[in-house]
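First the structure, in the form of structure tokens, and then the observations on it.
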Amino acid sequence: MPHTPALAAQPAPAPGTVLDTRFHVETPEGIDLVMRPAGLLVRALAFAIDLAIRGVILGAMFLVLSLLGQLGMGLGAIVLFLVNWWYMVLFEVLNQGRSPGKQYMGLRVVHDDGTPIGWAASLTRNLLRFVDVLPFAYTFGILSCLYTRTFKRLGDIAAGSLVVYRDVPLQRPPLVSAEPLRAPFTLSLHEQRAVMSFSERQGELSAARRQELAAILAGPLQVPAAQAEQQLNRIASGLLGPL
């Protein structure tokens, strides 16, 4: 039986159309990963927390090193370099992309594909921070965050990194209980999502809305309109497979 190309009556959004602030990535394993890029304000708050922590660390260290005279001054310069340039890198790589400020604000840094950030990317994004601060008060970094869809500063663009919210995984709503039924033809990934979403959202929809959505999906799936809801739920159960 020939494959029907479209389930929905409305055309698909054009590539690049922004529907929300979520960032979708499909992993090599075929898993659809959804991330929420962090905006400018929450990132600024996280950075302010980290800046305060570094200030406390440096203040305490300089207080101790000042007792050592000239040697303390030399050691203080080394400590200043290490804290300023390695504080972020060490936390991001060794603590799953989370500095203390990011952890407090519920953020983490990842690669663009959602994988944990590595040494090279973390070094790049943090070393290029000196470009983001130009010409003053993070002007370039702020403009870059406001211009890019995923709120990237220049260091993130160069490193291929992304600051996202650490969402707690949500449980998918259960499907309507129905005897599994095989679809009349092979469904694309988007078509499978549409059928599964219809069955999962049954409890949230009014009867009129369920009938409206079922009618849209029934035609392409060659399902009788009078039995559309029941048959769609059966096809969704079939897509889920045996438990």
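Ordering of the structure tokens sets the chain letters (A, B, ...); residue numbers start at 1 within each chain; ligands are numbered from 1 in the order shown.
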Which residues are close to Ala178 of chain A, i.e. within 10 Å by only C-alpha atoms, leaving aside same-chain residues fewer than 4 positions away? Reply as a list in words.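 Result of the neighbour search: Ser199, Gln230, Gln231, Leu232, Asn233, Arg234, Ile235, Ala236, Ser237 and Gly238 of chain A.
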Q | Selection near Asp50 of chain A, 12 Å with only C-alpha atoms, sequence-local residues under 6 positions removed, as a list in words | A |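 Using only C-alpha atoms, the neighbours found are Arg43, Ala44, Val56, Ile57, Val83, Asn84, Tyr87, Met88, Phe91, Arg98, Ser99, Pro100, Gly101, Lys102, Gln103, Tyr104 and Met105 of chain A.
In this model, the gap between atom CA of Trp85 of chain A and atom CA of Leu107 of chain A comes to 20.0 Å.
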I'd like the contact shell of Ala228 of chain A - 10 Å cut-off, only C-alpha atoms, skipping same-chain residues fewer than 5 positions apart - returned as a short mmCIF file (atom, residue, chain, number, x, y, z; two decimals) with C-alpha atoms, in the first residue's frame.
data_model
loop_
_atom_site.label_atom_id
_atom_site.label_comp_id
_atom_site.auth_asym_id
_atom_site.auth_seq_id
_atom_site.Cartn_x
_atom_site.Cartn_y
_atom_site.Cartn_z
CA ARG A 210 -10.08 14.79 20.38
CA GLN A 211 -12.51 14.32 17.51
CA LEU A 213 -7.42 15.87 15.95
CA ALA A 214 -8.53 12.32 15.22
CA ALA A 215 -10.19 13.49 12.00
CA ILE A 216 -6.93 15.14 10.88
CA LEU A 217 -4.94 11.96 11.51
CA ALA A 218 -7.59 9.52 10.30
CA GLY A 219 -7.45 10.33 6.58
CA LEU A 221 -3.82 6.63 8.08
CA GLN A 222 -6.84 5.28 6.19
CA VAL A 223 -8.84 4.95 9.39
CA ASN A 233 -5.01 4.56 20.19
CA ARG A 234 -4.50 1.00 18.94
#
- Message: Can you tell me which residues surround Gly114 of chain A at a distance of at most 12 Å, considering only C-alpha atoms, apart from same-chain residues fewer than 4 positions away, and format the answer as a ChimeraX atom specification?
- Response: /A:23-28,31-37,96-97,108-110,118,160-166
Keeping only C-alpha atoms, write the selected residues as a PDB file, in the first residue's frame.
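The resulting result.pdb:
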ATOM      1  CA  PHE A  23      16.853  23.194  21.316  1.00  0.00           C
ATOM      2  CA  HIS A  24      16.316  19.793  19.649  1.00  0.00           C
ATOM      3  CA  VAL A  25      19.199  17.412  18.948  1.00  0.00           C
ATOM      4  CA  GLU A  26      18.949  13.903  17.515  1.00  0.00           C
ATOM      5  CA  THR A  27      21.728  11.686  18.862  1.00  0.00           C
ATOM      6  CA  PRO A  28      23.494   9.052  16.707  1.00  0.00           C
ATOM      7  CA  ILE A  31      17.172   9.618  20.512  1.00  0.00           C
ATOM      8  CA  ASP A  32      15.457  12.996  20.338  1.00  0.00           C
ATOM      9  CA  LEU A  33      17.181  15.162  22.963  1.00  0.00           C
ATOM     10  CA  VAL A  34      15.484  18.398  24.017  1.00  0.00           C
ATOM     11  CA  MET A  35      17.489  21.070  25.855  1.00  0.00           C
ATOM     12  CA  ARG A  36      16.520  24.497  27.167  1.00  0.00           C
ATOM     13  CA  PRO A  37      19.252  27.091  26.528  1.00  0.00           C
ATOM     14  CA  GLN A  96      29.415  17.658  34.720  1.00  0.00           C
ATOM     15  CA  GLY A  97      29.528  21.166  33.284  1.00  0.00           C
ATOM     16  CA  ARG A 108      25.234  23.217  33.060  1.00  0.00           C
ATOM     17  CA  VAL A 109      27.528  23.527  30.043  1.00  0.00           C
ATOM     18  CA  VAL A 110      27.410  20.888  27.298  1.00  0.00           C
ATOM     19  CA  GLY A 118      35.533  18.336  27.442  1.00  0.00           C
ATOM     20  CA  GLY A 160      30.670  24.640  20.121  1.00  0.00           C
ATOM     21  CA  SER A 161      29.238  24.719  23.635  1.00  0.00           C
ATOM     22  CA  LEU A 162      25.842  25.525  25.075  1.00  0.00           C
ATOM     23  CA  VAL A 163      24.651  26.580  28.535  1.00  0.00           C
ATOM     24  CA  VAL A 164      21.375  24.808  29.306  1.00  0.00           C
ATOM     25  CA  TYR A 165      18.991  24.203  32.178  1.00  0.00           C
ATOM     26  CA  ARG A 166      19.425  20.928  34.008  1.00  0.00           C
TER      27      ARG A 166
END
If we count only C-alpha atoms and set the cut-off at 12 Å, which residues sit around Leu134 of chain A, ignoring sequence neighbours fewer than 6 positions away in its own chain? Please answer as a list of chain:residue names.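 Residues meeting the cut-off are A:Leu128, A:Phe140, A:Gly141, A:Ile142, A:Leu143, A:Ser144, A:Arg153, A:Leu154.
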Those residues you just picked out, can you put them in a file as a PDB file, in the first residue's frame with C-alpha atoms?
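So again00.pdb came out as:
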ATOM      1  CA  LEU A 128      37.850  33.656  24.842  1.00  0.00           C
ATOM      2  CA  PHE A 140      30.377  41.714  22.908  1.00  0.00           C
ATOM      3  CA  GLY A 141      29.207  38.785  25.026  1.00  0.00           C
ATOM      4  CA  ILE A 142      25.846  40.420  25.770  1.00  0.00           C
ATOM      5  CA  LEU A 143      25.251  41.342  22.136  1.00  0.00           C
ATOM      6  CA  SER A 144      26.141  37.820  21.045  1.00  0.00           C
ATOM      7  CA  ARG A 153      28.413  34.307  23.789  1.00  0.00           C
ATOM      8  CA  LEU A 154      31.400  34.394  21.431  1.00  0.00           C
TER       9      LEU A 154
END
| Please, which residues of segment 13-140 of chain A, numbered as in this document, come out strand (DSSP E) from DSSP, as an NGL selection string? | :A and (23-26 or 32-35 or 107-111)
Query raised in the report: Do you have the atom CA of Arg182 of chain A-atom CA of Leu240 of chain A distance handy?
Result: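 Separation between atom CA of Arg182 of chain A and atom CA of Leu240 of chain A: 10.6 Å.
Atom CA of Phe81 of chain A is positioned 12.9 Å from atom CA of Gly55 of chain A.
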**Q.** Residue list (helix (DSSP H, G or I), DSSP) for segment 3-203 of chain A, as a VMD selection string
**A.** chain A and resid 40 to 68 70 to 94 100 to 105 119 to 127 129 to 132 139 to 147 154 to 159 189 to 200 202 to 203
Selected residues written out, C-alpha atoms, as an mmCIF file, in the first residue's frame:
data_model
loop_
_atom_site.group_PDB
_atom_site.id
_atom_site.type_symbol
_atom_site.label_atom_id
_atom_site.label_comp_id
_atom_site.auth_asym_id
_atom_site.auth_seq_id
_atom_site.Cartn_x
_atom_site.Cartn_y
_atom_site.Cartn_z
ATOM 1 C CA LEU A 40 21.265 36.133 29.551
ATOM 2 C CA LEU A 41 19.884 37.035 32.995
ATOM 3 C CA VAL A 42 20.207 33.624 34.631
ATOM 4 C CA ARG A 43 23.696 33.210 33.177
ATOM 5 C CA ALA A 44 24.692 36.610 34.548
ATOM 6 C CA LEU A 45 23.455 35.623 38.009
ATOM 7 C CA ALA A 46 25.403 32.356 37.871
ATOM 8 C CA PHE A 47 28.532 34.241 36.798
ATOM 9 C CA ALA A 48 28.062 36.758 39.633
ATOM 10 C CA ILE A 49 27.941 33.911 42.154
ATOM 11 C CA ASP A 50 31.125 32.395 40.732
ATOM 12 C CA LEU A 51 32.770 35.812 40.727
ATOM 13 C CA ALA A 52 31.920 36.275 44.403
ATOM 14 C CA ILE A 53 33.295 32.823 45.262
ATOM 15 C CA ARG A 54 36.527 33.569 43.412
ATOM 16 C CA GLY A 55 36.768 36.864 45.229
ATOM 17 C CA VAL A 56 36.500 35.127 48.599
ATOM 18 C CA ILE A 57 39.099 32.523 47.587
ATOM 19 C CA LEU A 58 41.552 35.143 46.337
ATOM 20 C CA GLY A 59 40.981 37.383 49.351
ATOM 21 C CA ALA A 60 41.704 34.552 51.774
ATOM 22 C CA MET A 61 44.758 33.406 49.815
ATOM 23 C CA PHE A 62 46.249 36.901 49.546
ATOM 24 C CA LEU A 63 45.688 37.445 53.258
ATOM 25 C CA VAL A 64 47.742 34.340 54.013
ATOM 26 C CA LEU A 65 50.385 34.981 51.345
ATOM 27 C CA SER A 66 50.883 38.562 52.463
ATOM 28 C CA LEU A 67 52.607 37.141 55.534
ATOM 29 C CA LEU A 68 55.344 35.707 53.308
ATOM 30 C CA GLN A 70 58.127 38.978 48.429
ATOM 31 C CA LEU A 71 57.634 35.219 48.133
ATOM 32 C CA GLY A 72 53.976 35.689 48.943
ATOM 33 C CA MET A 73 53.622 38.283 46.200
ATOM 34 C CA GLY A 74 55.073 35.865 43.643
ATOM 35 C CA LEU A 75 52.860 33.026 44.829
ATOM 36 C CA GLY A 76 49.905 35.419 44.822
ATOM 37 C CA ALA A 77 50.408 36.128 41.109
ATOM 38 C CA ILE A 78 50.376 32.393 40.397
ATOM 39 C CA VAL A 79 47.244 31.892 42.490
ATOM 40 C CA LEU A 80 45.537 34.802 40.714
ATOM 41 C CA PHE A 81 46.295 33.237 37.325
ATOM 42 C CA LEU A 82 45.126 29.767 38.364
ATOM 43 C CA VAL A 83 41.877 30.937 39.946
ATOM 44 C CA ASN A 84 40.977 33.326 37.129
ATOM 45 C CA TRP A 85 41.654 30.910 34.265
ATOM 46 C CA TRP A 86 41.168 27.430 35.725
ATOM 47 C CA TYR A 87 38.314 27.844 38.217
ATOM 48 C CA MET A 88 35.634 27.548 35.523
ATOM 49 C CA VAL A 89 37.460 24.926 33.455
ATOM 50 C CA LEU A 90 38.037 22.508 36.317
ATOM 51 C CA PHE A 91 34.468 22.722 37.576
ATOM 52 C CA GLU A 92 32.948 22.422 34.087
ATOM 53 C CA VAL A 93 34.983 19.368 33.110
ATOM 54 C CA LEU A 94 35.096 17.575 36.458
ATOM 55 C CA PRO A 100 29.099 26.424 41.790
ATOM 56 C CA GLY A 101 27.196 29.380 40.320
ATOM 57 C CA LYS A 102 25.710 27.304 37.509
ATOM 58 C CA GLN A 103 24.835 24.504 39.904
ATOM 59 C CA TYR A 104 23.002 26.923 42.200
ATOM 60 C CA MET A 105 21.052 28.367 39.249
ATOM 61 C CA TRP A 119 38.834 20.033 28.179
ATOM 62 C CA ALA A 120 39.345 21.585 24.740
ATOM 63 C CA ALA A 121 35.871 23.127 24.535
ATOM 64 C CA SER A 122 35.948 24.378 28.128
ATOM 65 C CA LEU A 123 39.375 25.939 27.681
ATOM 66 C CA THR A 124 38.292 27.604 24.443
ATOM 67 C CA ARG A 125 35.073 29.111 25.846
ATOM 68 C CA ASN A 126 36.813 30.406 28.962
ATOM 69 C CA LEU A 127 39.987 31.709 27.303
ATOM 70 C CA ARG A 129 36.054 35.345 27.714
ATOM 71 C CA PHE A 130 38.529 38.221 27.337
ATOM 72 C CA VAL A 131 36.962 38.879 23.907
ATOM 73 C CA ASP A 132 33.432 38.799 25.322
ATOM 74 C CA THR A 139 29.461 44.237 25.624
ATOM 75 C CA PHE A 140 30.377 41.714 22.908
ATOM 76 C CA GLY A 141 29.207 38.785 25.026
ATOM 77 C CA ILE A 142 25.846 40.420 25.770
ATOM 78 C CA LEU A 143 25.251 41.342 22.136
ATOM 79 C CA SER A 144 26.141 37.820 21.045
ATOM 80 C CA CYS A 145 23.745 36.270 23.584
ATOM 81 C CA LEU A 146 20.925 38.547 22.461
ATOM 82 C CA TYR A 147 21.564 37.903 18.768
ATOM 83 C CA LEU A 154 31.400 34.394 21.431
ATOM 84 C CA GLY A 155 33.313 31.848 23.499
ATOM 85 C CA ASP A 156 30.430 29.381 23.195
ATOM 86 C CA ILE A 157 30.233 29.869 19.429
ATOM 87 C CA ALA A 158 33.946 29.166 19.045
ATOM 88 C CA ALA A 159 33.901 26.174 21.408
ATOM 89 C CA LEU A 189 9.472 9.580 12.912
ATOM 90 C CA HIS A 190 7.319 12.738 12.841
ATOM 91 C CA GLU A 191 4.204 10.704 12.070
ATOM 92 C CA GLN A 192 4.920 8.311 14.922
ATOM 93 C CA ARG A 193 5.326 11.244 17.294
ATOM 94 C CA ALA A 194 1.984 12.686 16.174
ATOM 95 C CA VAL A 195 0.117 9.420 16.820
ATOM 96 C CA MET A 196 1.847 8.812 20.161
ATOM 97 C CA SER A 197 1.208 12.384 21.286
ATOM 98 C CA PHE A 198 -2.481 12.065 20.422
ATOM 99 C CA SER A 199 -2.853 8.989 22.622
ATOM 100 C CA GLU A 200 -0.771 10.421 25.479
ATOM 101 C CA GLN A 202 -6.245 12.071 25.719
ATOM 102 C CA GLY A 203 -6.863 13.102 29.312
#
